[in-house]
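*Asks:* I am sharing run_19.txt, which consists of compact mmCIF, C-alpha atoms and all ligand atoms:
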```txt
# COMPACT_ATOMS: atom_id res chain seq x y z
CA MET P 26 28.79 -32.52 -17.69
CA THR P 27 25.04 -32.84 -17.33
CA LEU P 28 23.50 -31.23 -14.29
CA THR P 29 20.41 -32.66 -12.76
CA VAL P 30 17.68 -30.59 -11.27
CA PRO P 31 17.37 -31.06 -7.49
CA THR P 32 14.15 -32.73 -6.39
CA THR P 33 14.16 -31.57 -2.78
CA TYR P 34 14.63 -27.92 -1.86
CA LYS P 35 18.02 -26.55 -2.70
CA ALA P 36 19.01 -23.02 -3.68
CA LEU P 37 19.55 -23.03 -7.43
CA THR P 38 22.83 -22.05 -9.05
CA GLU P 39 23.15 -20.54 -12.53
CA GLU P 40 24.00 -24.07 -13.74
CA THR P 41 21.07 -25.87 -12.13
CA ALA P 42 18.74 -23.05 -13.19
CA ILE P 43 19.73 -23.77 -16.81
CA ALA P 44 19.11 -27.50 -16.29
CA LEU P 45 15.72 -26.64 -14.87
CA ALA P 46 14.89 -24.24 -17.72
CA LYS P 47 15.51 -27.07 -20.19
CA THR P 48 12.81 -29.18 -18.54
CA VAL P 49 10.23 -26.47 -19.35
CA HIS P 50 10.66 -27.25 -23.07
CA THR P 51 10.52 -23.72 -24.42
CA PHE P 52 14.11 -23.83 -25.68
CA ASP P 53 15.72 -25.88 -28.43
CA PRO P 54 17.18 -28.94 -26.59
CA ALA P 55 20.56 -28.32 -28.25
CA ALA P 56 20.66 -24.61 -27.26
CA GLN P 57 23.67 -23.32 -25.32
CA LEU P 58 21.75 -21.36 -22.69
CA THR P 59 23.21 -18.58 -20.57
CA CYS P 60 22.04 -17.55 -17.12
CA ARG P 61 22.35 -14.49 -14.88
CA GLU P 62 21.00 -13.93 -11.39
CA ILE P 63 19.34 -10.49 -11.56
CA GLY P 64 17.43 -10.36 -8.25
CA ASP P 65 17.86 -7.26 -6.16
CA GLY P 66 16.37 -8.28 -2.87
CA ASN P 67 17.38 -10.31 0.12
CA LEU P 68 14.46 -12.68 -0.14
CA ASN P 69 14.56 -14.36 -3.51
CA TYR P 70 16.72 -15.35 -6.45
CA VAL P 71 15.70 -14.21 -9.92
CA PHE P 72 17.49 -16.11 -12.72
CA GLN P 73 17.26 -14.89 -16.29
CA ILE P 74 17.93 -17.67 -18.79
CA GLU P 75 18.60 -16.91 -22.43
CA ASP P 76 19.25 -18.67 -25.70
CA PRO P 77 21.73 -16.17 -27.16
CA LYS P 78 21.12 -17.49 -30.68
CA THR P 79 17.41 -16.70 -30.75
CA GLY P 80 17.21 -14.09 -27.97
CA LYS P 81 14.49 -16.17 -26.31
CA ARG P 82 14.44 -15.73 -22.53
CA LEU P 83 12.61 -16.81 -19.41
CA ILE P 84 12.73 -16.09 -15.70
CA ILE P 85 13.01 -18.51 -12.79
CA LYS P 86 12.25 -16.89 -9.44
CA GLN P 87 13.12 -18.94 -6.37
CA ALA P 88 12.23 -18.15 -2.77
CA LEU P 89 15.09 -18.46 -0.27
CA PRO P 90 14.42 -19.99 3.15
CA TYR P 91 16.01 -17.08 4.96
CA ALA P 92 15.26 -13.40 4.49
CA LYS P 93 17.25 -10.49 5.81
CA ILE P 94 14.66 -8.83 7.98
CA ILE P 95 15.50 -6.54 10.86
CA GLY P 96 19.16 -6.72 9.98
CA GLU P 97 19.56 -10.46 10.51
CA SER P 98 18.78 -13.65 8.74
CA TRP P 99 15.27 -14.73 9.55
CA PRO P 100 13.54 -17.94 8.48
CA LEU P 101 10.69 -17.19 6.09
CA THR P 102 8.26 -19.72 4.65
CA LEU P 103 8.96 -21.08 1.17
CA LYS P 104 5.19 -21.35 0.66
CA ARG P 105 5.26 -17.74 -0.51
CA ALA P 106 6.54 -18.94 -3.90
CA THR P 107 3.34 -20.94 -4.41
CA ILE P 108 1.25 -18.01 -3.19
CA GLU P 109 3.03 -15.70 -5.64
CA ALA P 110 2.54 -18.04 -8.61
CA ASN P 111 -1.10 -18.66 -7.72
CA VAL P 112 -1.88 -14.95 -7.28
CA LEU P 113 -0.29 -14.29 -10.68
CA ARG P 114 -2.50 -17.01 -12.18
CA LYS P 115 -5.68 -15.96 -10.38
CA HIS P 116 -5.23 -12.26 -11.20
CA GLY P 117 -4.19 -13.30 -14.72
CA GLU P 118 -7.68 -14.73 -15.25
CA PHE P 119 -9.01 -11.16 -15.08
CA VAL P 120 -6.11 -9.07 -16.41
CA PRO P 121 -4.05 -11.40 -18.63
CA SER P 122 -2.27 -8.50 -20.32
CA LEU P 123 -1.15 -6.95 -17.01
CA VAL P 124 0.75 -9.84 -15.39
CA PRO P 125 3.57 -12.13 -16.62
CA VAL P 126 2.63 -15.54 -18.00
CA VAL P 127 3.47 -18.33 -15.53
CA TYR P 128 4.92 -21.28 -17.45
CA ALA P 129 5.56 -23.68 -14.59
CA THR P 130 5.93 -23.92 -10.83
CA ASP P 131 7.51 -26.36 -8.39
CA GLU P 132 6.26 -26.12 -4.85
CA GLU P 133 9.11 -28.23 -3.43
CA LEU P 134 11.79 -26.07 -5.09
CA ALA P 135 9.78 -22.88 -4.35
CA ILE P 136 10.13 -21.68 -7.93
CA THR P 137 8.02 -19.87 -10.49
CA VAL P 138 9.03 -20.06 -14.14
CA MET P 139 7.62 -17.03 -15.91
CA GLU P 140 7.74 -14.69 -18.86
CA ASP P 141 10.80 -12.48 -19.09
CA LEU P 142 9.86 -8.81 -18.94
CA SER P 143 13.26 -7.20 -19.25
CA HIS P 144 12.19 -5.28 -22.36
CA LEU P 145 10.30 -3.15 -19.82
CA GLU P 146 11.60 -1.01 -16.96
CA ILE P 147 10.77 -1.11 -13.26
CA ALA P 148 8.37 1.85 -12.90
CA ARG P 149 10.12 3.21 -9.81
CA GLU P 150 13.44 3.50 -11.66
CA GLY P 151 11.89 5.30 -14.62
CA LEU P 152 9.87 7.64 -12.42
CA ILE P 153 12.94 8.57 -10.36
CA ASN P 154 14.70 9.46 -13.61
CA GLY P 155 11.86 11.83 -14.47
CA LYS P 156 10.21 9.54 -17.01
CA ASN P 157 6.47 9.27 -17.34
CA PHE P 158 4.52 6.19 -18.29
CA PRO P 159 1.33 7.30 -20.08
CA ARG P 160 -0.42 3.94 -19.56
CA LEU P 161 0.47 3.44 -15.89
CA SER P 162 -2.53 5.05 -14.18
CA GLN P 163 -5.07 3.62 -16.64
CA ASP P 164 -3.59 0.11 -16.47
CA ILE P 165 -3.15 0.00 -12.70
CA GLY P 166 -6.63 1.49 -12.16
CA GLU P 167 -8.06 -1.34 -14.26
CA TYR P 168 -5.78 -3.95 -12.68
CA LEU P 169 -7.05 -2.92 -9.25
CA ALA P 170 -10.73 -2.85 -10.23
CA LEU P 171 -10.70 -6.18 -12.07
CA THR P 172 -8.55 -8.24 -9.69
CA LEU P 173 -10.20 -6.90 -6.56
CA PHE P 174 -13.82 -6.99 -7.77
CA HIS P 175 -13.60 -10.50 -9.20
CA THR P 176 -12.03 -12.02 -6.07
CA SER P 177 -14.46 -10.34 -3.64
CA ASP P 178 -17.92 -11.27 -2.36
CA TYR P 179 -19.29 -8.65 -4.76
CA GLY P 180 -18.17 -10.80 -7.70
CA LEU P 181 -17.90 -14.38 -6.39
CA HIS P 182 -20.08 -17.07 -4.88
CA PRO P 183 -19.43 -17.03 -1.10
CA PHE P 184 -18.18 -20.64 -1.11
CA GLU P 185 -15.59 -19.89 -3.80
CA LYS P 186 -14.58 -16.70 -2.06
CA LYS P 187 -13.99 -18.51 1.23
CA ARG P 188 -12.14 -21.32 -0.53
CA LEU P 189 -9.80 -18.74 -2.05
CA ALA P 190 -9.43 -16.87 1.25
CA ALA P 191 -8.25 -20.14 2.84
CA GLU P 192 -5.95 -20.99 -0.08
CA PHE P 193 -4.31 -17.59 0.14
CA SER P 194 -3.82 -17.53 3.89
CA ASN P 195 -0.34 -15.97 4.18
CA PRO P 196 0.35 -15.42 7.91
CA GLU P 197 4.13 -15.02 7.82
CA LEU P 198 4.19 -12.44 5.05
CA CYS P 199 1.19 -10.61 6.56
CA LYS P 200 3.10 -10.42 9.85
CA ILE P 201 5.91 -8.57 8.08
CA THR P 202 3.38 -5.98 6.85
CA GLU P 203 1.67 -5.79 10.24
CA ASP P 204 5.02 -5.03 11.88
CA LEU P 205 6.77 -2.92 9.25
CA ILE P 206 3.84 -0.83 8.00
CA PHE P 207 1.33 -0.80 10.83
CA THR P 208 3.35 -1.02 14.05
CA ASP P 209 7.09 -0.42 14.31
CA PRO P 210 7.32 3.04 12.66
CA PHE P 211 4.83 4.37 15.23
CA PHE P 212 6.98 3.43 18.23
CA ASP P 213 10.55 4.33 19.17
CA LEU P 214 12.10 0.97 18.27
CA ASP P 215 15.64 0.01 17.25
CA THR P 216 14.29 -1.55 14.08
CA ASN P 217 13.41 1.88 12.71
CA ASP P 218 15.92 3.55 10.43
CA TYR P 219 16.03 7.30 9.91
CA GLU P 220 18.49 10.10 9.48
CA PRO P 221 19.51 12.06 12.63
CA GLN P 222 18.02 15.27 11.13
CA LEU P 223 14.61 13.56 11.38
CA GLN P 224 14.87 12.85 15.12
CA THR P 225 12.40 15.57 16.13
CA ALA P 226 9.96 14.68 13.34
CA ALA P 227 10.17 10.98 14.27
CA GLU P 228 9.56 11.77 17.95
CA ALA P 229 6.51 13.79 16.93
CA VAL P 230 5.11 10.62 15.29
CA TRP P 231 5.83 8.48 18.35
CA SER P 232 4.22 10.90 20.77
CA ASP P 233 1.08 11.56 18.71
CA ARG P 234 -1.60 9.61 20.56
CA LYS P 235 -4.32 10.59 18.07
CA LEU P 236 -2.22 9.31 15.19
CA GLN P 237 -1.55 6.03 17.00
CA LEU P 238 -5.26 5.44 17.59
CA GLU P 239 -5.96 5.97 13.88
CA VAL P 240 -3.10 3.67 12.86
CA ALA P 241 -4.43 1.02 15.27
CA LYS P 242 -7.81 1.24 13.48
CA LEU P 243 -6.13 0.87 10.08
CA LYS P 244 -4.14 -2.11 11.35
CA LYS P 245 -7.41 -3.65 12.52
CA SER P 246 -8.85 -3.28 9.02
CA PHE P 247 -5.77 -4.97 7.57
CA LEU P 248 -5.97 -7.79 10.12
CA THR P 249 -9.69 -8.47 9.90
CA GLU P 250 -11.25 -7.42 6.59
CA SER P 251 -11.04 -10.32 4.11
CA GLU P 252 -12.52 -8.35 1.25
CA ALA P 253 -10.55 -9.39 -1.85
CA LEU P 254 -7.39 -11.17 -3.00
CA LEU P 255 -4.79 -8.44 -2.71
CA HIS P 256 -1.42 -8.21 -4.41
CA GLY P 257 -0.16 -7.16 -0.98
CA ASP P 258 3.03 -5.32 -2.07
CA LEU P 259 1.88 -3.05 -4.90
CA HIS P 260 4.60 -0.42 -4.86
CA THR P 261 6.18 0.99 -8.03
CA GLY P 262 9.08 -1.50 -7.67
CA SER P 263 6.56 -4.31 -8.29
CA ILE P 264 5.51 -2.84 -11.64
CA PHE P 265 7.25 -3.13 -15.01
CA ALA P 266 6.30 -0.36 -17.46
CA SER P 267 7.02 1.18 -20.84
CA GLN P 268 5.26 3.72 -23.03
CA THR P 269 2.89 1.00 -24.24
CA GLU P 270 2.78 -1.75 -21.58
CA THR P 271 2.33 -2.35 -17.86
CA LYS P 272 2.95 -5.61 -15.98
CA VAL P 273 2.54 -6.28 -12.27
CA ILE P 274 5.00 -8.73 -10.65
CA ASP P 275 5.93 -9.98 -7.18
CA PRO P 276 2.61 -10.73 -5.37
CA GLU P 277 4.25 -12.93 -2.70
CA PHE P 278 2.46 -10.91 0.01
CA GLY P 279 -0.92 -11.78 -1.55
CA PHE P 280 -3.77 -12.55 0.85
CA TYR P 281 -7.43 -11.68 1.49
CA GLY P 282 -7.48 -8.15 2.84
CA PRO P 283 -9.16 -4.74 2.46
CA ILE P 284 -9.36 -3.40 -1.11
CA GLY P 285 -7.99 0.00 -0.09
CA PHE P 286 -4.64 -1.53 0.84
CA ASP P 287 -3.50 -2.28 -2.73
CA VAL P 288 -4.88 1.02 -4.01
CA GLY P 289 -3.36 3.00 -1.13
CA LEU P 290 0.09 1.44 -1.41
CA PHE P 291 0.28 2.23 -5.12
CA LEU P 292 -0.93 5.80 -4.64
CA ALA P 293 1.54 6.37 -1.78
CA ASN P 294 4.36 5.41 -4.11
CA LEU P 295 3.14 7.99 -6.65
CA ILE P 296 2.89 10.49 -3.79
CA PHE P 297 6.64 10.09 -3.18
CA GLN P 298 7.10 11.33 -6.74
CA SER P 299 4.66 14.20 -6.16
CA ILE P 300 6.93 15.20 -3.27
CA THR P 301 10.24 14.96 -5.12
CA ARG P 302 9.12 16.53 -8.41
CA GLU P 303 8.46 20.17 -9.28
CA GLY P 304 6.39 22.10 -11.79
CA GLU P 305 4.92 20.43 -14.86
CA ASN P 306 6.67 17.16 -14.16
CA ARG P 307 4.96 17.07 -10.78
CA GLN P 308 1.61 17.90 -12.33
CA VAL P 309 1.81 14.73 -14.45
CA ILE P 310 2.11 12.65 -11.27
CA VAL P 311 -0.73 14.49 -9.53
CA GLU P 312 -2.89 13.74 -12.56
CA ASP P 313 -1.79 10.09 -12.45
CA ILE P 314 -2.89 9.87 -8.82
CA GLY P 315 -6.32 11.25 -9.68
CA LYS P 316 -6.65 9.13 -12.80
CA THR P 317 -5.69 5.88 -11.06
CA TRP P 318 -8.46 6.43 -8.54
CA ASN P 319 -11.01 7.53 -11.16
CA VAL P 320 -10.29 4.59 -13.46
CA PHE P 321 -10.42 2.18 -10.50
CA ALA P 322 -13.71 3.61 -9.15
CA TYR P 323 -15.36 3.81 -12.58
CA SER P 324 -14.33 0.28 -13.63
CA PHE P 325 -15.29 -1.15 -10.25
CA ALA P 326 -18.74 0.50 -10.45
CA GLU P 327 -19.27 -0.85 -13.98
CA LEU P 328 -18.39 -4.38 -12.86
CA TRP P 329 -20.70 -3.98 -9.88
CA LYS P 330 -23.61 -2.89 -12.07
CA LYS P 331 -23.10 -5.63 -14.68
CA GLN P 332 -21.73 -8.56 -12.74
CA SER P 333 -22.30 -8.23 -9.02
CA VAL P 334 -23.76 -11.29 -7.28
CA GLU P 335 -24.50 -9.24 -4.14
CA SER P 336 -28.24 -9.18 -3.25
CA PHE P 337 -27.97 -5.56 -2.08
CA LYS P 338 -26.23 -4.40 -5.25
CA GLU P 339 -29.12 -2.18 -6.28
CA THR P 340 -29.80 -0.83 -2.81
CA ASP P 341 -29.45 2.94 -3.04
CA GLY P 342 -26.19 4.12 -1.53
CA TYR P 343 -24.53 0.73 -1.02
CA LEU P 344 -22.00 0.93 -3.90
CA GLU P 345 -21.24 4.51 -2.81
CA TYR P 346 -20.72 3.27 0.76
CA VAL P 347 -18.32 0.54 -0.40
CA LEU P 348 -16.28 2.89 -2.62
CA GLY P 349 -16.37 5.63 0.04
CA LYS P 350 -14.90 3.20 2.59
CA VAL P 351 -12.21 2.19 0.07
CA LEU P 352 -11.25 5.86 -0.46
CA THR P 353 -11.04 6.52 3.28
CA ASP P 354 -8.86 3.42 3.67
CA VAL P 355 -6.72 4.44 0.68
CA ALA P 356 -5.83 7.69 2.45
CA GLY P 357 -5.05 5.89 5.71
CA PHE P 358 -3.01 3.06 4.20
CA ALA P 359 -1.16 5.49 1.93
CA GLY P 360 -0.37 7.57 5.01
CA CYS P 361 1.11 4.55 6.81
CA GLU P 362 3.22 3.70 3.74
CA LEU P 363 4.54 7.28 3.51
CA ILE P 364 5.61 7.23 7.15
CA ARG P 365 7.09 3.75 7.22
CA ARG P 366 9.18 4.30 4.06
CA THR P 367 10.62 7.44 5.69
CA ILE P 368 11.46 6.37 9.25
CA GLY P 369 10.81 2.61 9.23
CA LEU P 370 13.07 -0.28 8.29
CA ALA P 371 12.55 -0.40 4.51
CA HIS P 372 13.01 2.81 2.58
CA VAL P 373 12.29 3.92 -0.99
CA LYS P 374 14.93 5.04 -3.45
CA ASP P 375 12.69 7.98 -4.49
CA LEU P 376 13.65 9.71 -1.22
CA ASP P 377 16.97 8.08 -0.27
CA SER P 378 18.58 8.82 -3.64
CA ILE P 379 18.17 12.60 -3.33
CA GLU P 380 21.81 13.66 -3.07
CA ASP P 381 21.37 17.14 -1.66
CA THR P 382 20.96 16.68 2.09
CA LYS P 383 18.80 19.72 2.71
CA ASN P 384 16.48 18.76 -0.12
CA ARG P 385 16.38 15.10 0.97
CA ILE P 386 15.53 15.93 4.58
CA SER P 387 12.85 18.41 3.58
CA SER P 388 11.29 15.83 1.19
CA LYS P 389 11.30 13.27 3.99
CA LYS P 390 9.68 15.76 6.37
CA GLN P 391 7.03 16.40 3.75
CA ALA P 392 6.42 12.65 3.40
CA LEU P 393 5.89 12.41 7.17
CA LYS P 394 3.63 15.44 7.24
CA THR P 395 1.59 14.18 4.27
CA GLY P 396 1.30 10.73 5.84
CA GLN P 397 0.08 12.14 9.14
CA ALA P 398 -2.45 14.41 7.42
CA LEU P 399 -3.83 11.58 5.27
CA ILE P 400 -4.28 9.32 8.29
CA LEU P 401 -5.81 11.97 10.56
CA GLN P 402 -8.08 13.61 7.99
CA ARG P 403 -9.16 10.52 6.09
CA GLN P 404 -12.73 10.52 7.40
CA GLU P 405 -13.31 13.94 5.82
CA ILE P 406 -12.19 12.76 2.38
CA ALA P 407 -15.25 12.44 0.12
CA SER P 408 -13.56 12.55 -3.28
CA ILE P 409 -10.13 12.11 -4.83
CA GLU P 410 -9.98 15.94 -5.11
CA ASP P 411 -10.17 16.12 -1.30
CA LEU P 412 -7.21 13.73 -1.09
CA LEU P 413 -5.22 15.77 -3.63
CA GLN P 414 -6.02 18.89 -1.61
CA ILE P 415 -4.37 17.31 1.45
CA LEU P 416 -1.22 16.69 -0.62
CA GLU P 417 -1.12 20.39 -1.56
CA GLU P 418 -1.66 21.56 2.00
CA ALA P 419 1.22 19.40 3.27
CA ARG P 420 3.71 21.07 0.88
P1 LIG W 501 11.55 -9.71 -4.78
O1 LIG W 501 10.34 -10.41 -4.28
O2 LIG W 501 12.81 -10.33 -4.26
O3 LIG W 501 11.47 -8.22 -4.63
P2 LIG W 501 10.87 -9.34 -7.59
O4 LIG W 501 9.84 -10.28 -8.12
O5 LIG W 501 10.45 -7.96 -7.28
O6 LIG W 501 11.59 -10.04 -6.37
O7 LIG W 501 12.07 -9.31 -8.63
C1 LIG W 501 13.29 -8.66 -8.31
C2 LIG W 501 13.88 -8.09 -9.60
O8 LIG W 501 14.12 -9.14 -10.52
C3 LIG W 501 12.96 -7.13 -10.31
O9 LIG W 501 13.10 -5.83 -9.83
C4 LIG W 501 13.43 -7.26 -11.74
O10 LIG W 501 14.58 -6.49 -11.94
C5 LIG W 501 13.79 -8.72 -11.84
N1 LIG W 501 12.63 -9.51 -12.33
C6 LIG W 501 11.68 -10.11 -11.59
N2 LIG W 501 10.76 -10.71 -12.36
C7 LIG W 501 11.13 -10.49 -13.64
C8 LIG W 501 10.59 -10.85 -14.92
N3 LIG W 501 9.47 -11.58 -15.03
N4 LIG W 501 11.26 -10.42 -16.02
C9 LIG W 501 12.40 -9.70 -15.92
N5 LIG W 501 12.95 -9.34 -14.75
C10 LIG W 501 12.33 -9.72 -13.61
MG MG W 502 13.06 -6.36 -4.97
MG MG W 503 10.01 -7.05 -5.47
MG MG W 504 8.79 -9.56 -3.27
```
Could I get this structure in the form of structure tokens?
Ligand code: ADP
Ligand code: MG
Ligand code: MG
Ligand code: MG
*Replies:*
Amino acid sequence: MTLTVPTTYKALTEETAIALAKTVHTFDPAAQLTCREIGDGNLNYVFQIEDPKTGKRLIIKQALPYAKIIGESWPLTLKRATIEANVLRKHGEFVPSLVPVVYATDEELAITVMEDLSHLEIAREGLINGKNFPRLSQDIGEYLALTLFHTSDYGLHPFEKKRLAAEFSNPELCKITEDLIFTDPFFDLDTNDYEPQLQTAAEAVWSDRKLQLEVAKLKKSFLTESEALLHGDLHTGSIFASQTETKVIDPEFGFYGPIGFDVGLFLANLIFQSITREGENRQVIVEDIGKTWNVFAYSFAELWKKQSVESFKETDGYLEYVLGKVLTDVAGFAGCELIRRTIGLAHVKDLDSIEDTKNRISSKKQALKTGQALILQRQEIASIEDLLQILEEAR
């Protein structure tokens, strides 16, 4: 039986995914390919296709028209597949070694055919198991500096920047972030999800008027500051890692937003590890947090000095102002991520997988406390050491 590839949108099966993989011409036409769906989410299929004879593999990711959001099936634009593929390609221009190769896309089928990375491990899984990835902070610091600088007005002609900002308009996915990170966790809504032992701590968040004002300001930055082409979902589950390699996947939330958002989301996900770990193993993560920021800030400043197209690039204090604003935002956005992953709709395994209830609840309380402190004290943060100090004080 020969299977044909659908030409109008249809969810792929393992059989049609194989038929599709054959059209990409990376396999021997006579190969007996195998296929497994390895996706873990509710939004997309991820098919891994393999020629068992040669071990050659590739990935086909397909967006599904419905996502399980807020407990029910919700229509969600298929355009996100094109956004994801095009962010991978655009960021790949600047950091080719840090993203998967995109072999092919089909807008109608909402698919991206890309390099298989299963020789690596999802960073979150490794970190939860106590592993450390010695390249992670260096690579992600550089990934952030290069992708964000080169897609911003500091590095691009304003016409090209605005063309890209229009191309990467992503209203439906942004709305998910606006609701799930910047709104719902700060109100007593049914969509929130938290353990009963956190009732008092959650109520403290909902009744904190000062905190709400600061979150409203952070949401405004997210809504209005079209600074650079963000990944948009840069948590440790969107990063493949090993002892020698790092690759960033899954930029379907990509759009033009404030630089501090990508940096802050990544750091927040390391902060979960700084909360759950102890002793020397914790110290490694604290150092990774500092190093990510330092590598990002140093690389960004070097690019600015050598390649900035901004007329004010040599104006005393301007680079420091831009990086200072990023650091303030990093603290605020990281704070929102810490809170929303603890009492909001979508959690992180770093906290939820702690088996001992007492330990789990106290880690979650610490995540809330750290998040609140980062948001409320962010204007006083002048260096990464100040941010690290806030983490210590919230322990
Ligand atoms: P979603 O947007 O649904 O979260 P992801 O892009 O994060 O999808 O992929 C979900 C999972 O599929 C990943 O955690 C990983 O296990 C697997 N996966 C995704 N892309 C690749 C790839 N290029 N190589 C190997 N596995 C992948
Ligand atoms: Mg997933
Ligand atoms: Mg993902
Ligand atoms: Mg995704």
*Asks:* What is the distance between CA of Gly315 (chain P) and CA of Ile165 (chain P), in Å to one decimal?
*Replies:*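 About the pair CA of Gly315 (chain P) and CA of Ile165 (chain P): they are 12.1 Å apart.
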*Asks:* Work out how far CA of His260 (chain P) is from CA of Pro159 (chain P), in Å to one decimal.
*Replies:*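 So the answer is 17.4 Å.
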*Asks:* Would you place a box with edges along x, y and z of the file around all atoms of region 153-164 of chain P listed there, add 3 Å to each of its six sides, and report the centre and edge lengths in Å to one decimal, as JSON?
*Replies:*
```
{"center_x": 4.8, "center_y": 6.0, "center_z": -15.2, "size_x": 25.8, "size_y": 17.7, "size_z": 15.7}
```
*Asks:* Give the residue list for ligand MG 504 (chain W) at 12 Å, counting only C-alpha atoms and all ligand atoms, as a VMD selection string, sorted by chain and then by residue number.
*Replies:* chain P and resid 64 to 71 86 to 89 92 105 to 106 108 to 110 198 201 256 to 264 273 to 279
*Asks:* When distances are computed from all atoms listed in the file, which of P:Glu150, P:Ala356, P:Thr269, P:Asn319 shows the smallest separation from ligand MG 502 (chain W)?
*Replies:*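 Distance minimum relative to ligand MG 502 (chain W) lands on P:Glu150.
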*Asks:* Just how far from CA of Leu223 (chain P) is CA of Ser387 (chain P), in Å to one decimal?
*Replies:*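 Separation between CA of Ser387 (chain P) and CA of Leu223 (chain P): 9.4 Å.
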*Asks:* Smallest atom-to-atom distance to ligand MG 503 (chain W): which of P:Ile147, P:Ile284, P:Leu189, P:Val351, using only C-alpha atoms and all ligand atoms?
*Replies:*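 Once distances to ligand MG 503 (chain W) are computed over only C-alpha atoms and all ligand atoms, the minimum belongs to P:Ile147.
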*Asks:* Can you work out which one of P:Ala56, P:Leu352, P:Leu152, P:Ala266 has the shortest atom-to-atom distance to Phe286 (chain P), counting only C-alpha atoms?
*Replies:*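 Among the listed residues, the smallest separation from Phe286 (chain P) belongs to P:Leu352.
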*Asks:* Find the spatial neighbours of Pro283 (chain P), counting all atoms listed in the file, within a cut-off of 9 Å - ignore same-chain residues fewer than 3 positions away - and output them as a list in words.
*Replies:* Ser246, Phe247, Leu248, Thr249, Glu250, Ser251, Glu252, Ala253, Leu254, Leu255, Phe286, Asp287, Val351 and Asp354 of chain P
*Asks:* Have a look at P:Val112, P:Ala55, P:Ile409, P:Met139 and name the one nearest to Gln73 (chain P); count only C-alpha atoms.
*Replies:*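 Ranked by minimum distance to Gln73 (chain P), first place goes to P:Met139.
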*Asks:* Pick out the residues sitting within 12 Å of Asp233 (chain P), and hand them over as a PyMOL selection string; count only C-alpha atoms, and ignore anything fewer than 6 positions along from it in its own chain.
*Replies:* chain P and resi 211-213+226-227+239-240+397+400-401
*Asks:* Kindly provide, as a list in words, the polymer residues lying within 9 Å of (7.1, 5.6, 10.5), counting only C-alpha atoms and using the coordinates exactly as they appear in the file.
*Replies:*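 It turns out the residues near that spot are Leu205, Ile206, Phe207, Thr208, Asp209, Pro210, Phe211, Phe212, Asn217, Ala227, Val230, Trp231, Cys361, Glu362, Leu363, Ile364, Arg365, Arg366, Thr367, Ile368, Gly369, Leu370 and Leu393 of chain P.
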*Asks:* Taking into account only C-alpha atoms and all ligand atoms, which residue in the set P:Leu123, P:Ala148, P:Leu348, P:Ile314 is nearest to ligand MG 503 (chain W)?
*Replies:*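 Ranked by minimum distance to ligand MG 503 (chain W), first place goes to P:Ala148.
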*Asks:* Counting all atoms listed in the file, find residues at most 6 Å from (9.1, 11.3, 0.8) (file frame) and give them as a PyMOL selection string.
*Replies:* chain P and resi 297+376+388-389+392
*Asks:* When you look at region 168-179 of chain P with a cut-off of 6 Å (counting only C-alpha atoms), what residues show up, excluding the ones that are within fewer than 5 positions of it in the same chain? I need them as a list in words.
*Replies:*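 Contacts, in chain order: His116, Glu252, Ala253, Leu254, Phe321, Ser324, Phe325, Ser333, Val334 and Glu335 of chain P.
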*Asks:* Is there a way to complete region 288-297 of chain P with N, CA and C atoms and then write that out as an mmCIF file, in the frame of the given file?
*Replies:*
```
data_model
loop_
_atom_site.group_PDB
_atom_site.id
_atom_site.type_symbol
_atom_site.label_atom_id
_atom_site.label_comp_id
_atom_site.auth_asym_id
_atom_site.auth_seq_id
_atom_site.Cartn_x
_atom_site.Cartn_y
_atom_site.Cartn_z
ATOM 1 N N VAL P 288 -4.727 -0.295 -3.376
ATOM 2 C CA VAL P 288 -4.880 1.020 -4.010
ATOM 3 C C VAL P 288 -4.019 2.056 -3.271
ATOM 4 N N GLY P 289 -4.082 2.026 -1.955
ATOM 5 C CA GLY P 289 -3.360 3.000 -1.130
ATOM 6 C C GLY P 289 -1.851 2.876 -1.244
ATOM 7 N N LEU P 290 -1.359 1.625 -1.302
ATOM 8 C CA LEU P 290 0.090 1.440 -1.410
ATOM 9 C C LEU P 290 0.599 2.003 -2.739
ATOM 10 N N PHE P 291 -0.145 1.708 -3.811
ATOM 11 C CA PHE P 291 0.280 2.230 -5.120
ATOM 12 C C PHE P 291 0.255 3.762 -5.120
ATOM 13 N N LEU P 292 -0.837 4.339 -4.631
ATOM 14 C CA LEU P 292 -0.930 5.800 -4.640
ATOM 15 C C LEU P 292 0.161 6.437 -3.778
ATOM 16 N N ALA P 293 0.476 5.822 -2.638
ATOM 17 C CA ALA P 293 1.540 6.370 -1.780
ATOM 18 C C ALA P 293 2.856 6.432 -2.555
ATOM 19 N N ASN P 294 3.097 5.423 -3.371
ATOM 20 C CA ASN P 294 4.360 5.410 -4.110
ATOM 21 C C ASN P 294 4.382 6.441 -5.227
ATOM 22 N N LEU P 295 3.194 6.817 -5.747
ATOM 23 C CA LEU P 295 3.140 7.990 -6.650
ATOM 24 C C LEU P 295 3.302 9.279 -5.841
ATOM 25 N N ILE P 296 2.775 9.282 -4.629
ATOM 26 C CA ILE P 296 2.890 10.490 -3.790
ATOM 27 C C ILE P 296 4.368 10.825 -3.510
ATOM 28 N N PHE P 297 5.213 9.785 -3.342
ATOM 29 C CA PHE P 297 6.640 10.090 -3.180
ATOM 30 C C PHE P 297 7.145 10.921 -4.360
#
```
